[in-house]
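*Asks:* Here it is, the structure, as structure tokens.
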Amino acid sequence: MSKLHITTTVNDDPAEFLTDPSTTLLDALRDNLGLTGAKEGCGSGDCGACSVMVDGRLVCACLVLAAEAEGRRIETIEGMAQGGTLHPLQQKFLEHAALQCGFCTPGLLVAAKALLAENPDPTETEVRYWLAGNLCRCTGYDKVVRAVIDAAAEMRQVRRAS
Amino acid sequence: MPHVVLAGSQGREFTGGASEFDVGADTVRRLILELDARYPGFGDYIDRRMAIAIDGEIHQDAYAAALQPDSEIFLIPKIGGG
Amino acid sequence: MTDILDPPKLKVVGTRPIRPDGVDKVTGRAQYGADLVMPGMLVGRIKRSAHAHAKIVSIDTKKARALAGVKAVITAEDLPNLGSEEYEAGEGGGDLRDLSLNVMARSKVLYEGHAVAAVAATSAAVAEAALDLIEIKYEVLPHVIEVEAAMAPGAPVLHANMFTQGLPEKATKPSNIARVNKLGRGNLDEGFAEADVVMSGRYTTQGVHQGYIEPHACVASFSEDGQSTVWSSSQGQFMVRTYCSKLLDLDVADIRVIPAEIGGGFGGKTTVYLEPLALALSRQAGHPVKLVMTRDEVFRATGPTSGAVMEVKLGAKNDGTITAADIVLKYQAGAFAGSPVGAGSMTAVACYNIPNVAITGYDVVTNTPKVAAYRAPGAPIAAFAIESAIDELARKLDMDPIEIRLKNGVADGMKAVYGPTYTNIGYLETVEAIKNHPHYAAPLGPNQGRGLAVGFWFNIGGESTGAVHINDDGSATVVTANPDIGGSRASMGMMAAEVLGLPVELVRPVVGDTTAIGFSGLTGGSRTTFATGMAVTRAAEKVVEDMKRRAALTWDVPVEQVAWENGAAVCLDASKDVKPLSLKAIAGRSGRTGGPISAEVSLTAQGAGPGFAVHLCDVEIDRETGHVTIVRYTAAQDVGRAIHPSYVEGQIQGGVAQGVGWALNEEYVYDADGRMENAGFLDYRVPVASDLPMIEAIMIEVPNPRHPFGAKGVGEVPIVPPLAAVANAVRGALGVRMCDLPLSPPKIRAVIDAQAG
């Protein structure tokens, strides 16, 4: 079977690649486009380490076919920092030491950003349930939740100021 | 003379069940050599498989560690971690 | 030699700078084991046994080799047939033949998932198709999973040449009991005779996995001249090098192991599964080979820790003095000998000053994956039994659980059950911290219960190398060989910055490959901050001595007249009118004063201080569903000195989370054929963010004088108490003692149903 030619947008830039019909978006991002920030932790959509945004929707890239990226807008961890400046979530994760091994961190950040886009002032419980699809084995989630809440506060302040 | 205690059952197959020894040695290396002379194979076993607690401090792979005449010395299995 | 500095004088150690590798990790730039691509790289895949126990009758790889795109196929025939040989490269001893057989089965498979063959091909699809073309004939044998079933007479025997070690008479029949250990002191009969109250209990745990989110991954490249490079995420690049050299009979000098960033280990990556196979495939194919495990493979084929059966009998006087403890521990070792029952035995009552103790430990092989180290290996399992039993004993005595810990608690000058006298420990202070904490007195709501448990872990020292190089602009590079699992790189930089007198931003800590720095033991055993920190500190001290010498040369004064303060050399001779020489100034003219400024220190760190932890847990039980919610958790720990407090807190919180999962949900579930039924994160249920509350971590600092900054290992102790802390809280909420982990909803419901009926 010949490969499919996929044209898509990744982190606001046009991108294209050839893929087998059965290849996942995760493998296409990592192997075809060299974007290894999204990780495979389980391959079955249970750990969230491969979290990306497709047309503004939070998904596990291991559960999306690469072919489904055709004509869509993909956002990955690599697009989170803008022009040399870290996103407030990234900055707060560092300040709060909300990562230890860092493997789940890209997925957590993408998921947290999606949360704050939908709910700029989440409670601790809302943060925990939103992030329940992102497994972390190192931190026990305490500092992660604190970082997200702190980033949310900062982003609300910036919005108020502008 | 340093008094050495083999804590636990590991190693007793070399000593015929004995677990306490007075050993005239002033370093760990000399202790191993002396015990191996007394119980062939025991020193080698200690060298490979055991840690030595000297006055409460645990030493692993420490030939040069000094033993005082009144040091409390325990031979315990080597400790790993995760 | 740096003495322990008083807290007020420290400028960097004890603060919370952002870790130097942090930006790479929050931007997705950091490269983990599966992220590397090499030109011409092939994809590797492993064929694994579907049987829990079987003889391999034949393996036919002809069709697989003939498939277009397949560049290499290997079986155990392509690896040296090692004799039994003890070797230590990870932590704790092991047998090289066992390791080799675990990496690839030879003549027999011993667990479902056991590797039997491997291929390398031009794509994953071709590699997987090739696996299907490998024809293997098995003679299936009866298997055994449960530890007591494996010990029973008539059980299927895994190894015809395994005769139980440690028995008074030499064993004559093969057994699944690899070893029996005994440990104890005093006189058990007398101890129980003195007791007013006796309790006994039987406790069981299941196999649980370390659960690192990153599956094992490596890339290996074997060159035509016999030199090879391995890129691997592991807990120790030197360990990988040693095992690859031994398993493939290669010279150590010909193997370069480059550490990738590692996505969690917890002990599970202190051994090798893939690297020797990737090298063997690469050698045959003449191209680099990438081998990455799927999650399914991680569960089925990499070491969980032991499931266990434990029996505890305790005796105490009415005033709460514990007089006797009789403990039997039976641990699964998996397919090859080597469970952590020894450490379980030594740590079981390490927090208690009990005069009469007998502990018997059984190391038992079973048709499950060979167990690998898991954070304080062996200790959490034994602590679950002991701390549950002590909790029951306290109830029988109508005694506060804190008071019974204080009454029998160990302090400096007391002897551990495993022998040595405790020095510089902070156990009682840690208990007091919980006793005085508002959590201890907080009221409980309906269906809530509170559990207390304590824990101990030795921590180790071991071999480490640290190098400090001064750059010509006055900044410093610190090189070590310890993969950074949890922020250790930051601590290395901080300790060096403290000694050098530099701001931490000017110190760049890096993790070098096996050719870039002297030998180091792996990252694990709670040793990195202690042992590698010691090496780094001593290297920084050597650099400071060197810079003082250069300043003396520059000023033409005796070196005794030079002191080092705030990152600069100062002249103590008032008659010499000279300004302090900063590190930057000295670095700038280093060529003239003796050449590059650099020091490397290799050492074997001794005197690692043990860690003690005291945990308090509140649970609430939903009686309708049997679900247990952790509503509050406070963890106090004797940490010696927190070099970077955020990462010490992180270790405590992470250990608690793993312990909670172990207590409530995690277990290996096997079907009647010995196959794992829940080899994925959906059904192997680790804690998620909504399962846990904030975890309060209290750091007690009783410094360890053996470390330049007083540090003790911190990473492992936190997982020791939570199993019993949760179980004791459930006991409080439910009114019934549950002795079989995990305390999953069906089991809780069964108790509730029995209460109702």
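Letters for chains follow the order of the structure tokens (A, B, ...), residue numbers begin at 1 for each chain, and ligand numbers begin at 1 in the order shown.
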Based on only C-alpha atoms, which of the residues in chain C come within 8 Å of chain B? I want them as a PyMOL selection string.

*Replies:* chain C and resi 91-93+166+181-184+266-268+270+342-343+373-377+418-423+458-462+524-526+604+606-609+716

*Asks:* Just list the residues in chain B DSSP gives strand (DSSP E) on the backbone, as a ChimeraX atom specification.

*Replies:* /B:3-6,20-22,50-54,57-59,72-77

*Asks:* Can you list, as number ranges by chain, every residue of stretch 219-280 of chain C that DSSP puts in alpha helix (DSSP H)?

*Replies:* C: 237-248, 275-280

*Asks:* What is the distance between atom CA of A:Gly84 and atom CA of A:Val10, in Å to one decimal?

*Replies:* 17.8 Å

*Asks:* Write out as a JSON list (two decimals) with all heavy atoms, in the first residue's frame each polymer residue whose atoms come within 12 Å of A:Gln157, counting only C-alpha atoms; drop sequence neighbours fewer than 6 positions from it.

*Replies:*
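Dumped everything to around.json:
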[["chain", "number", "residue", "atom", "x", "y", "z"],
["A", 88, "PRO", "N", 3.85, 31.02, 30.88],
["A", 88, "PRO", "CA", 3.76, 31.05, 32.36],
["A", 88, "PRO", "C", 3.68, 29.66, 32.98],
["A", 88, "PRO", "O", 4.25, 29.43, 34.05],
["A", 88, "PRO", "CB", 2.47, 31.83, 32.62],
["A", 88, "PRO", "CG", 2.29, 32.69, 31.42],
["A", 88, "PRO", "CD", 2.90, 31.95, 30.26],
["A", 120, "PRO", "N", -10.13, 29.63, 33.26],
["A", 120, "PRO", "CA", -8.96, 30.41, 33.69],
["A", 120, "PRO", "C", -8.79, 30.46, 35.21],
["A", 120, "PRO", "O", -7.77, 30.93, 35.69],
["A", 120, "PRO", "CB", -9.22, 31.82, 33.15],
["A", 120, "PRO", "CG", -10.44, 31.74, 32.30],
["A", 120, "PRO", "CD", -11.16, 30.49, 32.62],
["A", 121, "ASP", "N", -9.77, 30.00, 35.96],
["A", 121, "ASP", "CA", -9.67, 30.09, 37.42],
["A", 121, "ASP", "C", -10.12, 28.79, 38.06],
["A", 121, "ASP", "O", -11.09, 28.76, 38.80],
["A", 121, "ASP", "CB", -10.52, 31.28, 37.91],
["A", 121, "ASP", "CG", -10.23, 31.60, 39.37],
["A", 121, "ASP", "OD1", -9.31, 30.98, 39.96],
["A", 121, "ASP", "OD2", -10.92, 32.47, 39.93],
["A", 150, "ASP", "N", -0.87, 28.53, 40.31],
["A", 150, "ASP", "CA", -0.07, 29.75, 40.33],
["A", 150, "ASP", "C", 0.02, 30.37, 38.94],
["A", 150, "ASP", "O", -0.11, 31.58, 38.76],
["A", 150, "ASP", "CB", 1.33, 29.42, 40.88],
["A", 150, "ASP", "CG", 2.10, 30.66, 41.30],
["A", 150, "ASP", "OD1", 1.49, 31.75, 41.35],
["A", 150, "ASP", "OD2", 3.31, 30.54, 41.56],
["A", 151, "ALA", "N", 0.20, 29.53, 37.93],
["A", 151, "ALA", "CA", 0.27, 30.04, 36.55],
["A", 151, "ALA", "C", -1.08, 30.65, 36.17],
["A", 151, "ALA", "O", -1.13, 31.70, 35.50],
["A", 151, "ALA", "CB", 0.64, 28.92, 35.59]]

*Asks:* Give me the residues near stretch 664-668 of chain C as a PyMOL selection string, where near means some atom within 6 Å (using only C-alpha atoms) and where sequence neighbours in that chain fewer than 3 positions away do not count.

*Replies:* chain C and resi 206-208+661+684-685+742-744

*Asks:* From the options C:Phe456, C:Phe238, C:Tyr138, C:Tyr212, which residue's atoms come nearest to chain A, counting only C-alpha atoms?

*Replies:*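 Looking at the shortest contact to chain A, the residue is C:Tyr212.
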
*Asks:* Per residue of chain C within 8 Å of chain A, note the shortest atom pair and the distance in Å to one decimal, counting only C-alpha atoms, and order the rows by chain and increasing residue number, as CSV.

*Replies:*
residue,atom,partner,partner_atom,distance
C:Pro17,CA,A:Glu95,CA,7.8
C:Ile18,CA,A:Leu94,CA,5.9
C:Arg19,CA,A:Leu94,CA,7.3
C:Gly22,CA,A:Leu94,CA,6.3
C:Val23,CA,A:Leu94,CA,7.6
C:Lys25,CA,A:Gly102,CA,5.6
C:Val26,CA,A:Gln90,CA,5.7
C:Thr27,CA,A:Glu78,CA,5.8
C:Gly28,CA,A:Gly37,CA,3.9
C:Arg29,CA,A:Gly37,CA,6.4
C:Ala30,CA,A:Gly37,CA,7.8
C:Gln31,CA,A:Thr36,CA,7.9
C:Tyr32,CA,A:Phe103,CA,8.0
C:Asp35,CA,A:Thr36,CA,6.0
C:Gly211,CA,A:Arg137,CA,6.7
C:Tyr212,CA,A:Arg137,CA,6.0
C:Ile213,CA,A:Gly41,CA,5.3
C:Glu214,CA,A:Gly41,CA,5.4
C:Pro215,CA,A:Gly41,CA,6.4
C:Glu261,CA,A:Cys101,CA,7.8
C:Ile262,CA,A:Cys101,CA,6.4
C:Gly263,CA,A:Phe103,CA,4.8
C:Gly264,CA,A:Cys101,CA,5.6
C:Thr294,CA,A:Cys42,CA,6.7
C:Arg295,CA,A:Cys42,CA,4.8
C:Asp296,CA,A:Cys42,CA,7.7
C:Asp484,CA,A:Cys101,CA,7.2
C:Ile485,CA,A:Cys101,CA,4.9
C:Gly486,CA,A:Gln100,CA,4.1
C:Gly487,CA,A:Gln100,CA,5.9
C:Ser646,CA,A:Ala97,CA,6.2
C:Tyr647,CA,A:Ala97,CA,6.9
C:Gly650,CA,A:Thr139,CA,5.6
C:Gln651,CA,A:Thr139,CA,7.2
C:Gln653,CA,A:Gly140,CA,5.3
C:Gly654,CA,A:Thr139,CA,4.5
C:Gly655,CA,A:Gly140,CA,7.7
C:Val656,CA,A:Gly140,CA,7.2
C:Ala657,CA,A:Gly140,CA,5.0
C:Gln658,CA,A:Arg137,CA,7.2
C:Gly680,CA,A:Cys42,CA,7.1
C:Phe681,CA,A:Asp46,CA,5.8
C:Leu682,CA,A:Asp46,CA,5.9
C:Val686,CA,A:Leu135,CA,7.9
C:Pro687,CA,A:Leu135,CA,7.7
C:Val688,CA,A:Ala132,CA,5.2
C:Ala689,CA,A:Arg128,CA,4.9
C:Ser690,CA,A:Arg128,CA,4.6
C:Leu692,CA,A:Gly140,CA,7.6
C:Pro693,CA,A:Asp142,CA,7.4
C:Met694,CA,A:Asp142,CA,5.1
C:Ile695,CA,A:Asp142,CA,6.3
